[in-house]
Amino acid sequence: GAMEWERRLRGRLGAIRAPKKTEKELKDEEMELFTKYYMEWKGTKTSGNTSYTNIPRFYYRLPAEDEVLLQKLREESRAVFLQRKSRELLDNEELQNLWFLLDKHQTSPMTGEEAMINYENFLKVGEKAGAKCKQFFTAKIFAKLLHNDPYGRISIMQFFNYVMRKVWLHQTRIGLSLYDVAGQGYLRESDLENYILELIPTLPQLDGLEKSFYSFYVCTAVRKFFFFLDPLRTGKIKIQDILACSFLDDLLELRDEELSKESQETNWFSAPSALRVYGQYLNLDKDHNGMLSKEELSRYGTGTLTNIFLDRVFQECLTYDGEMDYKTYLDFVLALENRKEPAALQYIFKLLDIENKGHLNVFSLNYFFRAIQEQMKIHGQEPVSFQDVKDEIFDMVKPKDPYKISLQDLINSSQGDTVTSILIDLNGFWTYENREVLVASDNDNTADVDDT
């Protein structure tokens, strides 16, 4: 019967005998069972918590070029989002109301001219000022503005300025974000060009600019941002970096109708400054072809840049049939006019590093200084020995490695402007060589002259 059949089947299976499992198979099986039982056990413990089974989606692919509808949707939703953010900011009326409340709750006694407020009153104003102001009335911000008032109060003016600055930063951030087409927190050159072009009519200081000059003005302004904020030349800059540097402050200073002549001259974005840079470019361009040859650029500044340095400029920088356009010229001007700045030193360092080794050695210093010696001869001056100059340069920079100067050494020494001038510009070298004489004639007191 049935029992008999079962016995035979067992016998048959026993005869076949399963092959012995390998070590690895046993381990795998063990792991499989362990995982199964563990999940069952864990499941009973964490009933209702299924978060580990559905990780929220955090990557959203950007719409491709041809997905027009998706792109439009993305643009629209970003615009709506930015408008909403904009509405969360304090408007002029609300700021006035805040000032009025602060003034009403000032805590006596007056300290000089300054109206002050203590923490208790600060919190009272916070309650009355409305939801939009809530974020400013925290212990942290109060402590940040607390200096050394014996009564533990802060200056109302300082607090109000803090709020204004924050509102301004957010406004500007939203303004810049509207031009961030990809919505990635970066602006490309074309985005920043559009931003500045549309800003021009709001800056009274630029009223006098001819429409025909706008494109040159925009190019001049944008270059400064990219030269300093995009050192790796990626073609885009972070909106956060734009907000963190002082360039926007300079640009928006042109809203002030009463800007002093001195401020205009030192502000790269002012009309006189932009016209000066462009005017120099036109003056150098003797054959009026809109580009500068090496010969034309050699008259830049005091006309004393060495030939060897100019050769390197034309080797390394972007040129068209061996001539330089306005944009490339702007980088050159920004580098030479700001020789204390790391971005400018990086630009010049790359030109000095002829072997592309990432450092300057005695060979590269000598290579450039020879051209200075040649020029001295031409001008009938007694050439200075390279040995002396080399020692002075190494003394000034004090590099980590006594035989090599890296870009970081140059930046850290804060003598980068002097060192580069000695190597590339006869006038710069002459100024350095005669510094004692110049100092003496300035002070008429040679006892103060520092010999280092």
# chains A, B, ... in the order shown; residues from 1 in each chain; ligands from 1

call {"tool": "residues_around", "arguments": {"residues": "region 137-149 of chain A", "least_positions_apart": "2", "cutoff": "10 Å", "atoms": "only C-alpha atoms", "output": "JSON, numbers by chain"}}
result
{"A": [111, 116, 117, 118, 119, 122, 123, 124, 125, 126, 127, 129, 133, 134, 135, 151, 152, 153, 154, 155, 156, 158, 159, 162]}

call {"tool": "residues_around", "arguments": {"residues": "Glu75 (chain A)", "least_positions_apart": "2", "cutoff": "12 Å", "atoms": "only C-alpha atoms", "output": "list in words"}}
result
Leu62, Pro63, Val68, Leu69, Leu70, Gln71, Lys72, Leu73, Ser77, Arg78, Ala79, Val80, Phe81, Leu82, Ser177, Leu178, Tyr179, Asp180, Val181, Ala182, Gly183 and Gln184 of chain A

call {"tool": "write_last_selection", "arguments": {"atoms": "N, CA and C atoms", "output": "PDB file, in the first residue's frame"}}
result
ATOM      1  N   LEU A  62      17.470  66.581 -14.638  1.00  0.00           N
ATOM      2  CA  LEU A  62      17.103  67.834 -15.297  1.00  0.00           C
ATOM      3  C   LEU A  62      16.498  67.515 -16.652  1.00  0.00           C
ATOM      4  N   PRO A  63      15.476  68.282 -17.074  1.00  0.00           N
ATOM      5  CA  PRO A  63      14.891  67.991 -18.398  1.00  0.00           C
ATOM      6  C   PRO A  63      15.925  68.174 -19.504  1.00  0.00           C
ATOM      7  N   VAL A  68      10.789  70.231 -24.118  1.00  0.00           N
ATOM      8  CA  VAL A  68      10.423  71.642 -23.995  1.00  0.00           C
ATOM      9  C   VAL A  68       9.384  71.867 -22.902  1.00  0.00           C
ATOM     10  N   LEU A  69       8.401  70.981 -22.865  1.00  0.00           N
ATOM     11  CA  LEU A  69       7.320  71.144 -21.894  1.00  0.00           C
ATOM     12  C   LEU A  69       7.857  71.051 -20.464  1.00  0.00           C
ATOM     13  N   LEU A  70       8.711  70.056 -20.230  1.00  0.00           N
ATOM     14  CA  LEU A  70       9.292  69.887 -18.894  1.00  0.00           C
ATOM     15  C   LEU A  70      10.146  71.098 -18.510  1.00  0.00           C
ATOM     16  N   GLN A  71      10.864  71.622 -19.485  1.00  0.00           N
ATOM     17  CA  GLN A  71      11.700  72.800 -19.200  1.00  0.00           C
ATOM     18  C   GLN A  71      10.838  73.999 -18.817  1.00  0.00           C
ATOM     19  N   LYS A  72       9.782  74.196 -19.595  1.00  0.00           N
ATOM     20  CA  LYS A  72       8.875  75.322 -19.318  1.00  0.00           C
ATOM     21  C   LYS A  72       8.269  75.170 -17.923  1.00  0.00           C
ATOM     22  N   LEU A  73       7.860  73.946 -17.601  1.00  0.00           N
ATOM     23  CA  LEU A  73       7.250  73.670 -16.305  1.00  0.00           C
ATOM     24  C   LEU A  73       8.241  74.016 -15.187  1.00  0.00           C
ATOM     25  N   SER A  77       7.733  76.879 -12.398  1.00  0.00           N
ATOM     26  CA  SER A  77       7.646  76.548 -10.972  1.00  0.00           C
ATOM     27  C   SER A  77       8.744  77.286 -10.197  1.00  0.00           C
ATOM     28  N   ARG A  78       9.924  77.456 -10.819  1.00  0.00           N
ATOM     29  CA  ARG A  78      10.981  78.204 -10.131  1.00  0.00           C
ATOM     30  C   ARG A  78      10.590  79.671  -9.970  1.00  0.00           C
ATOM     31  N   ALA A  79       9.972  80.226 -11.011  1.00  0.00           N
ATOM     32  CA  ALA A  79       9.556  81.633 -10.938  1.00  0.00           C
ATOM     33  C   ALA A  79       8.524  81.819  -9.823  1.00  0.00           C
ATOM     34  N   VAL A  80       7.579  80.882  -9.731  1.00  0.00           N
ATOM     35  CA  VAL A  80       6.548  80.958  -8.687  1.00  0.00           C
ATOM     36  C   VAL A  80       7.197  80.843  -7.307  1.00  0.00           C
ATOM     37  N   PHE A  81       8.144  79.895  -7.197  1.00  0.00           N
ATOM     38  CA  PHE A  81       8.858  79.691  -5.930  1.00  0.00           C
ATOM     39  C   PHE A  81       9.598  80.969  -5.523  1.00  0.00           C
ATOM     40  N   LEU A  82      10.279  81.597  -6.484  1.00  0.00           N
ATOM     41  CA  LEU A  82      11.050  82.804  -6.175  1.00  0.00           C
ATOM     42  C   LEU A  82      10.135  83.979  -5.816  1.00  0.00           C
ATOM     43  N   SER A 177      18.882  84.681  -8.833  1.00  0.00           N
ATOM     44  CA  SER A 177      18.352  83.340  -9.126  1.00  0.00           C
ATOM     45  C   SER A 177      17.401  83.348 -10.318  1.00  0.00           C
ATOM     46  N   LEU A 178      16.753  84.483 -10.550  1.00  0.00           N
ATOM     47  CA  LEU A 178      15.848  84.580 -11.702  1.00  0.00           C
ATOM     48  C   LEU A 178      16.618  84.415 -13.016  1.00  0.00           C
ATOM     49  N   TYR A 179      17.932  84.692 -12.971  1.00  0.00           N
ATOM     50  CA  TYR A 179      18.738  84.582 -14.196  1.00  0.00           C
ATOM     51  C   TYR A 179      19.450  83.236 -14.296  1.00  0.00           C
ATOM     52  N   ASP A 180      19.288  82.408 -13.251  1.00  0.00           N
ATOM     53  CA  ASP A 180      19.933  81.096 -13.228  1.00  0.00           C
ATOM     54  C   ASP A 180      19.046  80.136 -14.009  1.00  0.00           C
ATOM     55  N   VAL A 181      19.284  80.037 -15.310  1.00  0.00           N
ATOM     56  CA  VAL A 181      18.373  79.324 -16.204  1.00  0.00           C
ATOM     57  C   VAL A 181      18.275  77.844 -15.832  1.00  0.00           C
ATOM     58  N   ALA A 182      19.434  77.229 -15.500  1.00  0.00           N
ATOM     59  CA  ALA A 182      19.409  75.797 -15.187  1.00  0.00           C
ATOM     60  C   ALA A 182      18.858  75.528 -13.786  1.00  0.00           C
ATOM     61  N   GLY A 183      18.793  76.577 -12.952  1.00  0.00           N
ATOM     62  CA  GLY A 183      18.274  76.388 -11.597  1.00  0.00           C
ATOM     63  C   GLY A 183      19.193  75.580 -10.712  1.00  0.00           C
ATOM     64  N   GLN A 184      20.497  75.690 -10.951  1.00  0.00           N
ATOM     65  CA  GLN A 184      21.457  74.875 -10.201  1.00  0.00           C
ATOM     66  C   GLN A 184      22.272  75.682  -9.188  1.00  0.00           C
TER      67      GLN A 184
END

call {"tool": "residues_around", "arguments": {"residues": "region 207-217 of chain A", "least_positions_apart": "2", "cutoff": "9 Å", "atoms": "only C-alpha atoms", "output": "list in words"}}
result
Glu193, Leu197, Ile200, Pro201, Thr202, Leu203, Pro204, Gln205, Cys219, Thr220, Ala221, Val222, Phe269, Ala271, Ala274, Leu275, Tyr278 and Tyr326 of chain A

call {"tool": "closest_residue", "arguments": {"among": "A:Gln415, A:Gln387, A:Asn356, A:Lys224", "to": "Val333 (chain A)", "atoms": "only C-alpha atoms"}}
result
A:Lys224

call {"tool": "closest_residue", "arguments": {"among": "A:Glu382, A:Glu323, A:Glu114, A:Glu341", "to": "Ser414 (chain A)", "atoms": "only C-alpha atoms"}}
result
A:Glu341

call {"tool": "select_by_dssp", "arguments": {"residues": "region 122-249 of chain A", "states": "helix (DSSP H, G or I)", "output": "ChimeraX atom specification"}}
result
/A:122-128,131-136,139-144,156-177,189-202,204-206,211-229,239-244,247-249

call {"tool": "closest_residue", "arguments": {"among": "A:Glu374, A:Glu296, A:Asp103, A:Glu94", "to": "Met164 (chain A)", "atoms": "only C-alpha atoms"}}
result
A:Glu94

call {"tool": "select_by_dssp", "arguments": {"residues": "region 151-341 of chain A", "states": "strand (DSSP E)", "output": "CSV table (one decimal) with C-alpha atoms, in the first residue's frame"}}
result
chain,number,residue,atom,x,y,z
A,154,ILE,CA,22.3,96.3,21.9
A,155,SER,CA,22.2,99.3,19.6
A,186,TYR,CA,25.2,78.9,-10.7
A,187,LEU,CA,25.3,81.7,-13.3
A,188,ARG,CA,27.0,81.3,-16.6
A,236,LYS,CA,30.1,79.5,-14.3
A,237,ILE,CA,30.1,81.0,-10.8
A,238,LYS,CA,28.1,80.1,-7.7

call {"tool": "residues_around", "arguments": {"residues": "Pro383 (chain A)", "least_positions_apart": "5", "cutoff": "10 Å", "atoms": "only C-alpha atoms", "output": "PyMOL selection string"}}
result
chain A and resi 370+372-378

call {"tool": "residues_around", "arguments": {"residues": "Asn283 (chain A)", "least_positions_apart": "5", "cutoff": "12 Å", "atoms": "only C-alpha atoms", "output": "ChimeraX atom specification"}}
result
/A:275-278,288-292,296-297,299-301

call {"tool": "write_last_selection", "arguments": {"atoms": "N, CA and C atoms", "output": "CSV table (one decimal), in the first residue's frame"}}
result
chain,number,residue,atom,x,y,z
A,275,LEU,N,35.0,103.4,-19.0
A,275,LEU,CA,35.5,104.1,-20.1
A,275,LEU,C,37.0,104.2,-20.2
A,276,ARG,N,37.6,104.3,-19.0
A,276,ARG,CA,39.1,104.4,-19.0
A,276,ARG,C,39.7,103.1,-19.5
A,277,VAL,N,39.2,102.0,-19.1
A,277,VAL,CA,39.7,100.7,-19.5
A,277,VAL,C,39.5,100.5,-21.0
A,278,TYR,N,38.3,100.8,-21.5
A,278,TYR,CA,38.0,100.6,-22.9
A,278,TYR,C,38.8,101.6,-23.7
A,288,HIS,N,43.5,99.8,-35.5
A,288,HIS,CA,42.0,99.9,-35.5
A,288,HIS,C,41.3,98.6,-36.0
A,289,ASN,N,41.9,97.4,-35.8
A,289,ASN,CA,41.2,96.2,-36.2
A,289,ASN,C,40.5,95.6,-35.1
A,290,GLY,N,40.4,96.3,-33.9
A,290,GLY,CA,39.6,95.7,-32.8
A,290,GLY,C,40.3,94.7,-32.0
A,291,MET,N,41.6,94.4,-32.4
A,291,MET,CA,42.4,93.4,-31.6
A,291,MET,C,43.7,94.0,-31.3
A,292,LEU,N,44.4,93.4,-30.3
A,292,LEU,CA,45.8,93.9,-30.0
A,292,LEU,C,46.8,92.9,-30.4
A,296,GLU,N,51.4,95.9,-30.2
A,296,GLU,CA,50.4,97.0,-29.6
A,296,GLU,C,50.3,96.9,-28.1
A,297,LEU,N,50.3,95.7,-27.6
A,297,LEU,CA,50.1,95.5,-26.1
A,297,LEU,C,51.4,95.9,-25.4
A,299,ARG,N,52.9,98.5,-25.4
A,299,ARG,CA,52.8,99.9,-24.9
A,299,ARG,C,51.9,100.1,-23.7
A,300,TYR,N,51.4,98.9,-23.2
A,300,TYR,CA,50.5,99.0,-22.0
A,300,TYR,C,51.1,99.6,-20.8
A,301,GLY,N,50.4,100.4,-20.1
A,301,GLY,CA,50.9,101.0,-18.9
A,301,GLY,C,52.0,102.0,-19.2

call {"tool": "residues_around", "arguments": {"residues": "Gly322 (chain A)", "least_positions_apart": "3", "cutoff": "10 Å", "atoms": "only C-alpha atoms", "output": "PyMOL selection string"}}
result
chain A and resi 291-294+314-315+317-319+325

call {"tool": "atom_distance", "arguments": {"atom1": "CA of Asn361 (chain A)", "atom2": "CA of Leu310 (chain A)"}}
result
20.0 Å

call {"tool": "residues_around", "arguments": {"residues": "Phe309 (chain A)", "least_positions_apart": "3", "cutoff": "12 Å", "atoms": "only C-alpha atoms", "output": "NGL selection string"}}
result
:A and (294 or 297-298 or 304-306 or 312-316 or 332 or 348-354 or 364-365 or 367-372 or 420-426)

call {"tool": "closest_residue", "arguments": {"among": "A:Val389, A:Asn121, A:Trp268, A:Gly358", "to": "Glu337 (chain A)", "atoms": "only C-alpha atoms"}}
result
A:Trp268

call {"tool": "closest_residue", "arguments": {"among": "A:Phe136, A:Pro56, A:Asp417, A:Arg223", "to": "Thr328 (chain A)", "atoms": "only C-alpha atoms"}}
result
A:Arg223

call {"tool": "atom_distance", "arguments": {"atom1": "CA of Leu284 (chain A)", "atom2": "CA of Tyr347 (chain A)"}}
result
21.7 Å

call {"tool": "closest_residue", "arguments": {"among": "A:Leu229, A:Leu95, A:Ile239, A:Ala115", "to": "Gly175 (chain A)", "atoms": "only C-alpha atoms"}}
result
A:Ile239
